[in-house]
Structures are given as structure tokens and as C-alpha cells.
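This is start.csv (CSV, C-alpha atoms).
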chain,number,residue,atom,x,y,z
M,1,MET,CA,27.2,96.1,7.7
M,2,ALA,CA,28.2,92.6,8.8
M,3,SER,CA,28.5,91.9,12.5
M,4,ILE,CA,31.0,89.6,14.1
M,5,VAL,CA,28.8,87.5,16.4
M,6,ALA,CA,31.6,85.1,17.7
M,7,VAL,CA,35.3,84.8,17.6
M,8,ILE,CA,36.5,81.3,18.3
M,9,ALA,CA,40.0,79.8,18.7
M,10,SER,CA,40.7,76.1,19.2
M,11,THR,CA,43.2,73.4,18.7
M,12,HIS,CA,42.5,71.0,15.8
M,13,HIS,CA,42.9,67.5,17.0
M,14,PRO,CA,42.4,65.1,14.1
M,15,PHE,CA,41.7,62.2,16.5
M,16,TYR,CA,38.5,63.7,17.8
M,17,TYR,CA,36.3,62.4,15.0
M,18,ARG,CA,37.3,58.8,15.4
M,19,ALA,CA,37.4,59.0,19.3
M,20,SER,CA,34.0,60.5,19.5
M,21,THR,CA,32.3,58.1,17.1
M,22,ALA,CA,34.0,55.0,18.4
M,23,THR,CA,31.9,52.5,20.4
M,24,GLY,CA,32.5,49.5,22.6
M,25,GLU,CA,36.1,48.3,22.9
M,26,ASP,CA,37.3,50.8,20.3
M,27,ARG,CA,36.2,53.8,22.3
M,28,PRO,CA,39.1,55.4,24.2
M,29,PRO,CA,38.7,56.1,27.9
M,30,PHE,CA,39.0,59.9,27.4
M,31,ALA,CA,36.3,60.0,24.7
M,32,ASP,CA,33.3,60.8,26.9
M,33,GLU,CA,34.9,63.7,28.7
M,34,TRP,CA,36.3,65.0,25.4
M,35,THR,CA,32.8,64.8,23.8
M,36,ARG,CA,31.2,66.6,26.7
M,37,LYS,CA,33.7,69.5,26.4
M,38,ILE,CA,33.2,69.7,22.7
M,39,LEU,CA,29.4,69.8,23.0
M,40,ALA,CA,29.7,72.7,25.4
M,41,PHE,CA,32.1,74.4,23.0
M,42,ARG,CA,29.7,73.8,20.1
M,43,GLU,CA,26.9,75.5,22.0
M,44,THR,CA,28.9,78.7,22.1
M,45,LEU,CA,28.8,78.9,18.3
M,46,THR,CA,25.2,77.7,18.0
M,47,ARG,CA,24.1,80.4,20.4
M,48,ALA,CA,25.7,83.1,18.2
M,49,ASN,CA,23.5,82.0,15.3
M,50,PRO,CA,26.0,82.8,12.5
M,51,ASP,CA,25.3,83.0,8.8
M,52,VAL,CA,28.8,82.7,7.5
M,53,LEU,CA,32.1,81.3,8.9
M,54,VAL,CA,35.6,82.8,8.3
M,55,MET,CA,37.9,79.8,8.9
M,56,VAL,CA,41.6,80.3,9.7
M,57,GLY,CA,43.8,77.3,9.5
M,58,SER,CA,47.0,75.9,7.9
M,59,ASP,CA,47.5,73.5,5.1
M,60,HIS,CA,49.6,70.4,6.1
M,61,PHE,CA,51.4,70.0,2.8
M,62,HIS,CA,48.3,69.0,1.0
M,63,GLN,CA,47.6,71.5,-1.7
M,64,LEU,CA,50.3,74.0,-0.8
M,65,TRP,CA,53.8,72.8,-1.5
M,66,LEU,CA,57.4,74.0,-1.4
M,67,ASP,CA,57.6,74.8,-5.1
M,68,ASN,CA,55.0,77.6,-4.6
M,69,MET,CA,54.4,78.4,-0.9
M,70,PRO,CA,52.2,81.3,0.1
M,71,GLN,CA,52.5,82.8,3.6
M,72,PHE,CA,48.9,83.8,3.8
M,73,LEU,CA,46.2,82.6,1.3
M,74,VAL,CA,42.5,83.3,1.0
M,75,GLY,CA,40.2,80.8,-0.7
M,76,LYS,CA,37.8,82.4,-3.2
M,77,ALA,CA,35.6,79.7,-4.6
M,78,PRO,CA,31.9,78.7,-4.6
M,79,PHE,CA,32.7,75.3,-3.0
M,80,TYR,CA,35.5,73.6,-1.2
M,81,ASP,CA,36.1,69.9,-1.2
M,82,ALA,CA,37.7,68.8,2.0
M,83,ASN,CA,40.0,66.2,3.6
M,84,TRP,CA,42.6,64.2,1.8
M,85,TYR,CA,43.5,60.6,1.3
M,86,ASN,CA,46.2,60.6,4.0
M,87,GLU,CA,43.7,62.1,6.5
M,88,GLU,CA,41.2,59.4,5.7
M,89,ARG,CA,44.0,56.8,6.1
M,90,GLU,CA,45.5,58.1,9.4
M,91,PHE,CA,42.6,59.7,11.1
M,92,GLY,CA,39.5,58.2,9.5
M,93,LEU,CA,38.2,61.7,8.5
M,94,PRO,CA,35.3,61.8,6.1
M,95,ARG,CA,35.3,63.5,2.7
M,96,MET,CA,33.3,66.8,2.9
M,97,LEU,CA,32.0,69.5,0.6
M,98,LEU,CA,31.6,73.0,2.0
M,99,LYS,CA,30.0,76.0,0.4
M,100,GLY,CA,32.0,79.1,-0.1
M,101,GLN,CA,31.0,82.7,0.6
M,102,GLU,CA,32.7,84.1,-2.5
M,103,ASP,CA,31.7,87.7,-2.1
M,104,LEU,CA,33.2,87.9,1.3
M,105,SER,CA,36.3,86.2,0.0
M,106,ALA,CA,36.6,88.9,-2.6
M,107,HIS,CA,36.1,91.6,0.0
M,108,VAL,CA,38.8,90.1,2.3
M,109,LEU,CA,41.2,89.9,-0.6
M,110,ARG,CA,40.6,93.5,-1.9
M,111,ALA,CA,40.6,95.1,1.6
M,112,GLY,CA,43.5,92.9,2.8
M,113,LEU,CA,45.7,93.9,-0.2
M,114,ASP,CA,44.8,97.5,0.3
M,115,ALA,CA,45.7,97.3,4.0
M,116,GLY,CA,49.2,96.1,3.1
M,117,PHE,CA,48.8,92.3,3.3
M,118,ASP,CA,50.0,90.7,0.0
M,119,LEU,CA,47.5,87.9,0.2
M,120,ALA,CA,47.7,84.9,-2.2
M,121,PHE,CA,44.4,83.5,-3.4
M,122,SER,CA,43.1,80.2,-4.7
M,123,ASN,CA,40.0,79.6,-6.8
M,124,GLU,CA,40.2,75.8,-6.4
M,125,LEU,CA,41.2,74.9,-2.8
M,126,ARG,CA,40.8,71.5,-1.2
M,127,ILE,CA,40.9,72.2,2.5
M,128,ASP,CA,42.3,69.9,5.2
M,129,HIS,CA,41.8,69.0,8.9
M,130,SER,CA,42.9,72.4,10.2
M,131,ILE,CA,39.6,73.7,8.9
M,132,THR,CA,37.4,70.5,8.9
M,133,CYS,CA,38.2,69.6,12.5
M,134,PRO,CA,36.5,72.8,13.8
M,135,ILE,CA,33.6,72.1,11.4
M,136,ILE,CA,33.3,68.7,12.9
M,137,THR,CA,33.5,69.9,16.5
M,138,LEU,CA,31.5,73.2,16.2
M,139,ARG,CA,29.2,72.8,13.2
M,140,PRO,CA,29.0,69.2,12.2
M,141,GLU,CA,26.0,69.9,9.9
M,142,ALA,CA,28.6,71.7,7.7
M,143,ASP,CA,25.8,73.8,6.3
M,144,LEU,CA,27.2,77.3,6.5
M,145,PRO,CA,29.3,79.0,3.8
M,146,ILE,CA,32.9,79.6,4.6
M,147,VAL,CA,35.9,81.8,3.7
M,148,PRO,CA,39.0,79.7,4.3
M,149,ILE,CA,42.2,81.6,5.2
M,150,TYR,CA,45.5,79.6,5.3
M,151,THR,CA,48.6,80.6,7.1
M,152,ASN,CA,52.1,79.2,6.8
M,153,ILE,CA,53.1,77.8,10.2
M,154,PHE,CA,54.8,74.8,8.7
M,155,ALA,CA,57.5,75.5,6.1
M,156,PRO,CA,60.2,78.0,7.1
M,157,PRO,CA,60.9,80.8,6.5
M,158,LEU,CA,57.7,81.8,8.4
M,159,PRO,CA,56.2,85.3,9.0
M,160,GLN,CA,56.9,86.8,12.4
M,161,PRO,CA,54.4,86.3,15.2
M,162,LYS,CA,53.5,89.9,15.3
M,163,ARG,CA,52.4,89.6,11.6
M,164,PHE,CA,49.9,87.0,12.6
M,165,VAL,CA,48.5,89.3,15.2
M,166,GLN,CA,48.3,92.2,12.7
M,167,LEU,CA,46.6,90.0,10.2
M,168,GLY,CA,44.0,89.0,12.8
M,169,GLN,CA,43.4,92.7,13.7
M,170,ALA,CA,43.0,93.4,9.9
M,171,ILE,CA,40.6,90.5,9.4
M,172,ARG,CA,38.4,91.8,12.2
M,173,GLU,CA,38.2,95.3,10.6
M,174,ILE,CA,37.7,93.9,7.1
M,175,VAL,CA,34.9,91.7,8.1
M,176,GLU,CA,33.2,94.5,10.0
M,177,SER,CA,33.4,96.7,6.9
M,178,TRP,CA,31.7,94.0,4.7
M,179,PRO,CA,28.5,95.7,3.5
M,180,ALA,CA,26.3,92.5,3.7
M,181,ASP,CA,23.9,92.5,6.6
M,182,LEU,CA,25.0,89.0,7.8
M,183,ARG,CA,26.2,87.5,11.0
M,184,VAL,CA,29.8,86.3,10.8
M,185,ALA,CA,31.8,84.0,13.1
M,186,ILE,CA,35.6,84.0,12.8
M,187,ILE,CA,37.0,80.6,13.8
M,188,GLY,CA,40.7,79.8,13.8
M,189,THR,CA,42.7,76.7,14.9
M,190,GLY,CA,46.3,76.2,15.9
M,191,HIS,CA,48.4,74.4,18.4
M,192,LEU,CA,49.7,74.7,21.9
M,193,SER,CA,53.0,72.9,22.5
M,194,LEU,CA,53.3,70.1,20.0
M,195,GLU,CA,56.0,67.8,18.7
M,196,LEU,CA,55.5,65.9,15.4
M,197,GLY,CA,58.2,63.5,14.1
M,198,GLY,CA,60.6,64.3,17.0
M,199,PRO,CA,61.7,62.7,20.2
M,200,ARG,CA,59.1,64.3,22.4
M,201,GLN,CA,56.0,63.2,20.4
M,202,PHE,CA,53.1,61.2,21.7
M,203,GLY,CA,54.0,61.6,25.3
M,204,PRO,CA,51.5,61.3,28.2
M,205,HIS,CA,50.9,65.1,27.9
M,206,GLY,CA,51.9,67.8,25.5
M,207,PRO,CA,55.6,68.3,25.3
M,208,ASP,CA,55.6,71.5,27.4
M,209,PRO,CA,52.8,71.7,29.9
M,210,GLU,CA,54.3,74.9,31.4
M,211,PHE,CA,54.2,76.6,28.0
M,212,ASP,CA,50.6,75.4,27.6
M,213,GLN,CA,49.6,77.0,30.9
M,214,ARG,CA,51.1,80.3,30.0
M,215,ALA,CA,49.6,80.2,26.5
M,216,VAL,CA,46.1,79.5,27.8
M,217,GLU,CA,46.4,82.4,30.2
M,218,TRP,CA,47.6,84.8,27.4
M,219,ILE,CA,44.7,83.7,25.1
M,220,ALA,CA,42.0,83.7,27.8
M,221,THR,CA,42.9,87.2,29.0
M,222,GLY,CA,43.9,88.7,25.6
M,223,ASP,CA,47.4,89.4,26.9
M,224,LEU,CA,49.0,90.2,23.7
M,225,ASP,CA,51.7,92.3,25.3
M,226,ASN,CA,53.2,89.4,27.3
M,227,CYS,CA,52.6,86.9,24.5
M,228,LEU,CA,54.4,89.0,21.9
M,229,ARG,CA,57.2,89.8,24.4
M,230,GLU,CA,57.9,86.1,25.0
M,231,VAL,CA,57.1,84.5,21.7
M,232,THR,CA,59.6,84.6,18.8
M,233,LEU,CA,60.2,82.4,15.9
M,234,ASP,CA,63.2,81.0,17.7
M,235,SER,CA,61.5,80.6,21.1
M,236,LEU,CA,58.7,78.4,19.6
M,237,HIS,CA,61.2,75.6,18.9
M,238,ALA,CA,61.6,75.0,22.7
M,239,PRO,CA,58.0,73.9,23.6
M,240,GLY,CA,58.0,71.4,20.6
M,241,ASN,CA,58.9,71.3,17.0
M,242,ALA,CA,55.4,71.9,15.7
M,243,THR,CA,54.6,74.7,18.2
M,244,HIS,CA,54.8,77.4,15.5
M,245,GLY,CA,51.1,76.5,15.0
M,246,PHE,CA,50.6,78.7,18.1
M,247,MET,CA,50.9,81.7,15.8
M,248,ASP,CA,47.4,80.9,14.6
M,249,PHE,CA,46.2,81.3,18.2
M,250,MET,CA,48.0,84.7,18.1
M,251,LEU,CA,46.2,85.6,14.9
M,252,MET,CA,42.9,84.9,16.7
M,253,MET,CA,44.0,87.0,19.7
M,254,GLY,CA,44.4,89.8,17.1
M,255,VAL,CA,40.8,89.2,15.9
M,256,ALA,CA,39.5,89.2,19.5
M,257,GLY,CA,41.4,92.3,20.3
M,258,ALA,CA,44.0,93.2,22.9
M,259,GLY,CA,42.7,92.8,26.4
M,260,ALA,CA,39.6,90.9,25.3
M,261,LYS,CA,38.8,88.3,27.9
M,262,ALA,CA,37.3,85.1,26.5
M,263,ASP,CA,33.7,84.3,27.4
M,264,HIS,CA,34.3,80.6,27.2
M,265,VAL,CA,37.6,78.9,28.2
M,266,ASP,CA,38.1,75.2,28.4
M,267,THR,CA,41.1,72.8,28.2
M,268,LEU,CA,41.6,69.0,28.1
M,269,ASP,CA,44.9,67.5,29.0
M,270,LEU,CA,45.3,64.6,26.5
M,271,PHE,CA,48.2,62.5,25.6
M,272,HIS,CA,50.5,64.1,22.9
M,273,THR,CA,48.9,67.6,23.2
M,274,MET,CA,46.6,69.7,25.3
M,275,GLU,CA,43.3,70.7,23.8
M,276,ALA,CA,42.1,74.3,24.3
M,277,TYR,CA,38.8,76.0,23.4
M,278,PHE,CA,38.1,79.7,23.5
M,279,THR,CA,35.0,81.8,22.5
M,280,TRP,CA,34.6,85.6,22.6
M,281,TYR,CA,31.4,87.5,21.9
M,282,PRO,CA,32.5,90.9,20.6
M,283,ASN,CA,28.9,92.3,21.0
M,284,GLY,CA,28.2,90.7,24.3
M,285,ALA,CA,27.0,87.1,25.0
M,286,PRO,CA,23.9,86.2,23.1
M,287,ALA,CA,20.7,85.8,25.2
I,1,MET,CA,72.3,68.6,0.5
I,2,SER,CA,68.8,68.4,-1.0
I,3,LYS,CA,66.4,68.7,1.8
I,4,TYR,CA,63.8,69.9,-0.7
I,5,LEU,CA,64.2,66.7,-2.7
I,6,LEU,CA,63.9,64.5,0.4
I,7,ASN,CA,60.7,66.3,1.3
I,8,LYS,CA,59.4,66.0,-2.3
I,9,PHE,CA,60.0,62.2,-2.1
I,10,LEU,CA,58.2,61.9,1.2
I,11,TYR,CA,55.4,64.2,0.1
I,12,THR,CA,54.7,62.5,-3.3
I,13,VAL,CA,55.0,58.9,-2.0
I,14,ASP,CA,52.8,59.6,1.1
I,15,ARG,CA,50.0,60.9,-1.1
I,16,ASP,CA,49.8,57.9,-3.4
I,17,PRO,CA,48.5,54.6,-1.9
I,18,GLU,CA,50.3,52.5,-4.5
I,19,LEU,CA,53.6,54.2,-3.9
I,20,VAL,CA,53.2,53.8,-0.1
I,21,GLU,CA,53.0,50.0,-0.6
I,22,ARG,CA,55.9,49.9,-3.0
I,23,TYR,CA,58.0,51.9,-0.7
I,24,ARG,CA,57.2,49.6,2.3
I,25,ASP,CA,57.8,46.4,0.3
I,26,GLU,CA,60.6,47.3,-2.1
I,27,PRO,CA,62.4,50.4,-0.9
I,28,ARG,CA,65.5,50.2,-3.1
I,29,GLU,CA,63.4,49.6,-6.2
I,30,LEU,CA,61.0,52.4,-5.3
I,31,VAL,CA,63.7,55.0,-4.4
I,32,THR,CA,65.7,54.2,-7.6
I,33,TRP,CA,62.6,54.4,-9.8
I,34,TRP,CA,61.4,57.6,-8.1
I,35,GLU,CA,64.7,59.4,-8.5
I,36,ALA,CA,64.9,58.4,-12.2
I,37,GLU,CA,61.3,59.1,-13.1
I,38,ARG,CA,59.7,61.5,-10.6
I,39,ALA,CA,62.4,63.6,-8.9
I,40,ASN,CA,62.4,66.2,-11.6
I,41,ALA,CA,58.6,66.4,-12.2
I,42,VAL,CA,57.4,70.0,-11.6
I,43,LEU,CA,54.4,69.3,-9.4
I,44,ASN,CA,52.6,72.5,-9.5
I,45,CYS,CA,52.6,72.6,-13.3
I,46,HIS,CA,51.1,71.0,-16.4
I,47,THR,CA,52.0,67.4,-16.9
I,48,GLY,CA,55.1,66.9,-18.9
I,49,GLU,CA,57.2,69.8,-17.7
I,50,ALA,CA,60.3,68.9,-15.7
I,51,SER,CA,63.4,70.2,-14.1
I,52,THR,CA,66.8,68.9,-15.0
I,53,TRP,CA,69.0,69.2,-11.9
I,54,LEU,CA,67.4,67.4,-9.0
I,55,ARG,CA,69.2,64.3,-7.6
I,56,PHE,CA,69.8,62.8,-4.1
I,57,GLU,CA,73.1,62.8,-2.4
I,58,GLU,CA,74.4,59.4,-1.5
I,59,ALA,CA,73.6,59.7,2.2
I,60,GLU,CA,70.0,60.8,1.4
I,61,ARG,CA,69.4,58.0,-1.0
I,62,GLU,CA,70.7,55.4,1.4
I,63,ALA,CA,68.6,56.8,4.3
I,64,LEU,CA,65.5,56.5,2.2
I,65,ILE,CA,66.3,53.0,1.0
I,66,ALA,CA,67.0,51.9,4.6
I,67,HIS,CA,63.7,53.4,5.9
I,68,ASP,CA,66.1,55.2,8.3
I,69,HIS,CA,63.8,57.9,9.8
I,70,VAL,CA,66.5,58.8,12.4
I,71,ARG,CA,68.9,59.7,9.6
I,72,LEU,CA,66.2,61.6,7.8
I,73,PHE,CA,65.6,63.7,10.9
I,74,GLU,CA,69.4,64.4,11.1
I,75,LEU,CA,69.5,65.4,7.4
I,76,GLY,CA,66.7,68.0,8.0
I,77,ALA,CA,63.8,66.3,6.2
I,78,HIS,CA,60.5,67.8,7.4
I,79,PRO,CA,59.5,65.7,10.4
I,80,PHE,CA,55.8,65.9,9.7
I,81,LEU,CA,56.3,64.4,6.2
I,82,THR,CA,58.6,61.6,7.6
I,83,LEU,CA,56.2,60.8,10.4
I,84,THR,CA,53.1,60.7,8.2
I,85,LEU,CA,54.6,58.4,5.6
I,86,PHE,CA,56.2,56.1,8.1
I,87,ILE,CA,53.0,55.8,10.1
I,88,ALA,CA,51.3,54.8,6.8
I,89,MET,CA,53.8,52.1,6.3
I,90,PHE,CA,54.3,50.7,9.7
I,91,GLU,CA,51.4,51.5,12.1
I,92,ARG,CA,49.5,48.5,10.7
I,93,ASP,CA,52.0,46.3,12.6
I,94,ASN,CA,51.1,47.8,16.0
I,95,THR,CA,50.2,45.3,18.7
I,96,ALA,CA,49.1,48.2,21.0
I,97,PRO,CA,47.7,51.7,20.3
I,98,LEU,CA,50.4,54.2,19.3
I,99,GLU,CA,53.1,51.6,19.6
I,100,TYR,CA,54.9,52.6,16.4
I,101,GLN,CA,54.5,56.3,17.1
I,102,LYS,CA,56.0,56.0,20.5
I,103,ALA,CA,58.9,53.9,19.3
I,104,PHE,CA,59.5,56.4,16.5
I,105,GLY,CA,60.0,59.1,19.1
I,106,MET,CA,62.2,56.9,21.3
I,107,ARG,CA,64.6,56.2,18.5
I,108,LEU,CA,65.1,60.0,18.3
I,109,ALA,CA,65.8,60.4,22.0
I,110,HIS,CA,69.4,61.3,21.5
I,111,PHE,CA,68.6,64.6,19.7
I,112,ALA,CA,68.6,67.7,21.9
I,113,LEU,CA,67.6,71.3,20.9
I,114,PRO,CA,68.3,72.8,18.6
I,115,TYR,CA,67.1,70.1,16.2
I,116,PRO,CA,68.5,69.9,12.7
I,117,ASP,CA,67.4,72.8,10.6
I,118,ILE,CA,64.4,72.0,8.3
I,119,ALA,CA,64.4,75.2,6.4
I,120,THR,CA,64.5,74.6,2.6
Output the file's structure as C-alpha cells, nothing else.
Amino acid sequence: MASIVAVIASTHHPFYYRASTATGEDRPPFADEWTRKILAFRETLTRANPDVLVMVGSDHFHQLWLDNMPQFLVGKAPFYDANWYNEEREFGLPRMLLKGQEDLSAHVLRAGLDAGFDLAFSNELRIDHSITCPIITLRPEADLPIVPIYTNIFAPPLPQPKRFVQLGQAIREIVESWPADLRVAIIGTGHLSLELGGPRQFGPHGPDPEFDQRAVEWIATGDLDNCLREVTLDSLHAPGNATHGFMDFMLMMGVAGAGAKADHVDTLDLFHTMEAYFTWYPNGAPA
Amino acid sequence: MSKYLLNKFLYTVDRDPELVERYRDEPRELVTWWEAERANAVLNCHTGEASTWLRFEEAEREALIAHDHVRLFELGAHPFLTLTLFIAMFERDNTAPLEYQKAFGMRLAHFALPYPDIAT
């Protein structure tokens, strides 16, 4: 049976690639500290020595559009091209090609459908920065096969927060029931408080540092009870108009399990949004 | 009110470098052309299939022609789509990092929660 060797949750900041590779006058003052934190975070995945990555993210109106919008979608393809013209234009992200782990995609789809999640699928999926940012931060060699899972945190009506948690719990069980004797890391990215295209965007901090503090505490301690009690589809408008991306963190809390304390917790207070990095080792920390 | 069509405009123009430039330079020409030629194209379908019923309301058409991102926000256009396209058109004129992005937010400062509904 497969083993889950790491569960990782993170923000996906598209500026990291450019900030971390910039030199001289172009290098922003926060780049060195940011890079140090990312290298420590990367080590948490490297130590787990995974064979396969299950990657949870959210398409930003690239391939998924309002004429045919899935709530939860699993990629099932031998390869995934990655990053889009407007991400090259705005963030300087490189084009990438990732291998797919198609048999695990098939297993996730079959078992997910049988568990009551009516998952959509795609046999030709070009993925975006919600999945490539953690590849860049955590596995820049981009050498491991992936199973991409997209959630809709973007185009209302959205699924309820508890549904994200339930899907995370199901993904954990489904991966653990995969017959292959391989080491799997499950990595998902979302947002803390975030405003995009509204009056609170690009401030000196995230739009709601108090929410961020509570959210980091919920994630770090696996406090699903308080998180689910406080977070609703309506409540997520208050910390910032793009904060529904926090539901992907809730999905990852579902993967990690209720009460699971993260083995690695780190944050970085940046302009515009707070960065946050979490790693759990379900079978204990690797030696 | 056709929030969906506003979003479709922002989405399809943003993802085509030639259209981004045309929209920056000749907004009235581009919006008029797009509504006549592209508004009804079914995107997730074989080329050549089209709908028959999609058109802007006057306020929407004028907001797009005026590059009026504040009005687009008020009309319920998806703010991520508006922001992305407007950065593509106007960030190049920055004289300091994030100058346009910050000004974009400042111009929306009179909006309080709840923001206009973006559900389509």
C-alpha cells in the first residue's frame, strides 16, 4: 500500500519566483529572508523522500471557465503543461512540463466517486501557479509525477467549507488505499486573508492580520472544530475578497487530520498578504 | 445585467496579447468589435458554434469603453479578472513598484462591505 510521507499546506505567492531570482537593484529587500524560509520549508519535503505528489490548488480562470465550471476536478493525464501567458506576463513564471501519475489519478477518481464526491476530470489539463508555485518552492527540479486536484474557491456558488474538509479527509483515505508501494506527499495551496481587485489590495500587510493569526493557529494545531465554527462562506468576505482560498487550507487540515499538530510551521509577513508554510509527517518525522 | 458577459470580455481579452494592446489603445473600437464578433462565441466548444443572445447593457458597454474599473467593480465584474487585465494594460506606466496596483485600490476606497455581488 502507498504511504503518505508528508502533508504540506502553503500559500502560493506568484511573486516568489521573480523575487528569489532577482539580483542587484532588482532584488527586493525581503527576498533574502523569504528565500531562507523557503529553503527550510523545501527541506521538509526533501527529507520525506516522496515518489509522487498529489497537488491541490485552484485554477485562476485559465482552463476552467464560467461556461462549464467544476467544483472539484482531478487531472488524469500522462503530462501536464504548466503556467499561462498572463502568468508569464505578470509574474515572470516559466513554462513547465510535469509528468502525471495516471494510475493514481484513476484511483482517486474511482474511489472519490464511490465515496460520494462527484469529481470532474480532465485528460488535458494545463495547470497554473496554484500548483506550480509549490513546485517552484518545494521541488524546483519538477521531477516527480503529480496528480493535480483543482477546487473552486473563485467563482460562486462555491461548496461549503466543511465540504473542503471532508474532501481532504477522503483524499487521505483514498491515497492510503492505493495499492502501489510508493511514497506519496500531499501538497495543497490556498490563501490567508487576501484582497484582489478591491480597495484593500496591496497594503503593507495582508488585509486582515487578526484573521491570519487565528488561521495560522487553527492550521498549526489542527483545530478543525474552531475553524469550522467560525468560517462560513459569508464570513470569508470580511478578511478580504479573495479569502475563500482559505478553504484549500481547510482541505489540507482535513488531509492532516483533526487535532494533528504541524511538525513545521513558519510565516512571513509580506506586503499584500501573509505567507504561511506547514508540514505534517503522518508517520513521524523522517530521520 | 450581464455580469457573465463582462467577465467573458475581461477573460478573453486578457488572455490574448494582441487584444490587450487593442483594448489599451482603442477601447471603443475593441469593445464594439468584441461585442459584435466575439460575445456569442461558445468558448468551451468547437470553433464555429455560437450563442445568439449575449449583449452588453449600455452601462456595461460604457464602463468597458471608459476603462472604468471602479464602475466594473460596482457592476459585479469579477475583481480578479478586472485587476489582471488592467495591470496588463497599465502597470507598464509605473514610476515606482506597485504604483498602479495601489492606485487601483485607492480608487475603490469608497466601497465598504458587503462588496457588490460577483455571483454569475
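Atom pair atom CA of I:Leu85 / atom CA of M:Ala238: separated by 24.8 Å.
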Q: Give as an MDAnalysis selection string every residue of chain I that touches chain M within 6 Å, counting all atoms listed in the file.
A: chainID I and resid 79:80 83 105:106 108:109 119
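You can rank M:Gly284, M:Pro209, M:Pro179, M:Gly188 by their closest distance to M:Asp103 using only C-alpha atoms, and at the top of that list sits M:Pro179.
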Q: Could you tell me which of I:Glu74, I:Asp14, I:Glu91, I:Glu99 comes closest to I:Asp117 if we count only C-alpha atoms?
A: I:Glu74
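You will find atom CA of M:Glu102 at 18.4 Å from atom CA of M:Ile135.
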Q: Rank I:Arg22, I:Trp33, I:Phe111, I:Thr120 by their smallest atom-to-atom distance to I:Ser2, using all atoms listed in the file, and report the top residue only.
A: I:Thr120
Q: In the coordinate frame of the file, compute which residues have an atom within 12 Å of (53.1, 69.1, -9.4) when using only C-alpha atoms, and state them as number ranges by chain.
A: M: 62-68; I: 8, 11-12, 38-51
Selected residues written out with C-alpha atoms, as a short mmCIF file (atom, residue, chain, number, x, y, z; two decimals), in the coordinates of the input:
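This went into again-v6.cif:
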data_model
loop_
_atom_site.label_atom_id
_atom_site.label_comp_id
_atom_site.auth_asym_id
_atom_site.auth_seq_id
_atom_site.Cartn_x
_atom_site.Cartn_y
_atom_site.Cartn_z
CA HIS M 62 48.30 69.00 1.00
CA GLN M 63 47.60 71.50 -1.70
CA LEU M 64 50.30 74.00 -0.80
CA TRP M 65 53.80 72.80 -1.50
CA LEU M 66 57.40 74.00 -1.40
CA ASP M 67 57.60 74.80 -5.10
CA ASN M 68 55.00 77.60 -4.60
CA LYS I 8 59.40 66.00 -2.30
CA TYR I 11 55.40 64.20 0.10
CA THR I 12 54.70 62.50 -3.30
CA ARG I 38 59.70 61.50 -10.60
CA ALA I 39 62.40 63.60 -8.90
CA ASN I 40 62.40 66.20 -11.60
CA ALA I 41 58.60 66.40 -12.20
CA VAL I 42 57.40 70.00 -11.60
CA LEU I 43 54.40 69.30 -9.40
CA ASN I 44 52.60 72.50 -9.50
CA CYS I 45 52.60 72.60 -13.30
CA HIS I 46 51.10 71.00 -16.40
CA THR I 47 52.00 67.40 -16.90
CA GLY I 48 55.10 66.90 -18.90
CA GLU I 49 57.20 69.80 -17.70
CA ALA I 50 60.30 68.90 -15.70
CA SER I 51 63.40 70.20 -14.10
#
Q | Surrounding residues of M:Leu73 excluding itself and chain neighbours under 5 positions, 10 Å, only C-alpha atoms, as a PyMOL selection string | A | chain M and resi 56+58-59+64+109+118-122+148-152
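Counting all atoms listed in the file and comparing I:Trp34, I:Tyr23, I:Trp53, I:Phe86, the residue that lies closest to I:Leu72 is I:Phe86.
For stretch 25-32 of chain I, the set of protein, DNA and RNA residues having any atom at most 10 Å away, when counting only C-alpha atoms and skipping those fewer than 2 positions along the same chain, is Phe9, Val13, Leu19, Val20, Glu21, Arg22, Tyr23, Trp34, Glu35, Ala36, Glu37, Arg38, Ala39, Phe56, Arg61, Glu62, Leu64, Ile65, Ala66, His67 and Met89 of chain I.
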Q: Identify which of the residues M:Pro70, M:Gly57, M:Pro239, M:Pro140 lies closest to M:Ser10, counting all atoms listed in the file when measuring atom-to-atom distances.
A: M:Gly57
Q | Coordinates-based distance that separates atom CA of M:Thr267 from atom CA of M:Ile136 (Å, one decimal) | A | 17.7 Å
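Of the listed residues I:Leu10, I:Leu113, I:Asp68, I:Lys102, the one whose atoms come nearest to I:Ala88 is I:Leu10, with distances taken using only C-alpha atoms.
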Using all atoms listed in the file, give me every residue within 10 Å of (33.8, 81.6, -0.5) in file coordinates, as a short mmCIF file (atom, residue, chain, number, x, y, z; two decimals) with C-alpha atoms, keeping the file's coordinate frame.
data_model
loop_
_atom_site.label_atom_id
_atom_site.label_comp_id
_atom_site.auth_asym_id
_atom_site.auth_seq_id
_atom_site.Cartn_x
_atom_site.Cartn_y
_atom_site.Cartn_z
CA VAL M 52 28.80 82.70 7.50
CA LEU M 53 32.10 81.30 8.90
CA VAL M 54 35.60 82.80 8.30
CA VAL M 74 42.50 83.30 1.00
CA GLY M 75 40.20 80.80 -0.70
CA LYS M 76 37.80 82.40 -3.20
CA ALA M 77 35.60 79.70 -4.60
CA PRO M 78 31.90 78.70 -4.60
CA PHE M 79 32.70 75.30 -3.00
CA TYR M 80 35.50 73.60 -1.20
CA LEU M 98 31.60 73.00 2.00
CA LYS M 99 30.00 76.00 0.40
CA GLY M 100 32.00 79.10 -0.10
CA GLN M 101 31.00 82.70 0.60
CA GLU M 102 32.70 84.10 -2.50
CA ASP M 103 31.70 87.70 -2.10
CA LEU M 104 33.20 87.90 1.30
CA SER M 105 36.30 86.20 0.00
CA ALA M 106 36.60 88.90 -2.60
CA ASN M 123 40.00 79.60 -6.80
CA PRO M 145 29.30 79.00 3.80
CA ILE M 146 32.90 79.60 4.60
CA VAL M 147 35.90 81.80 3.70
CA PRO M 148 39.00 79.70 4.30
#
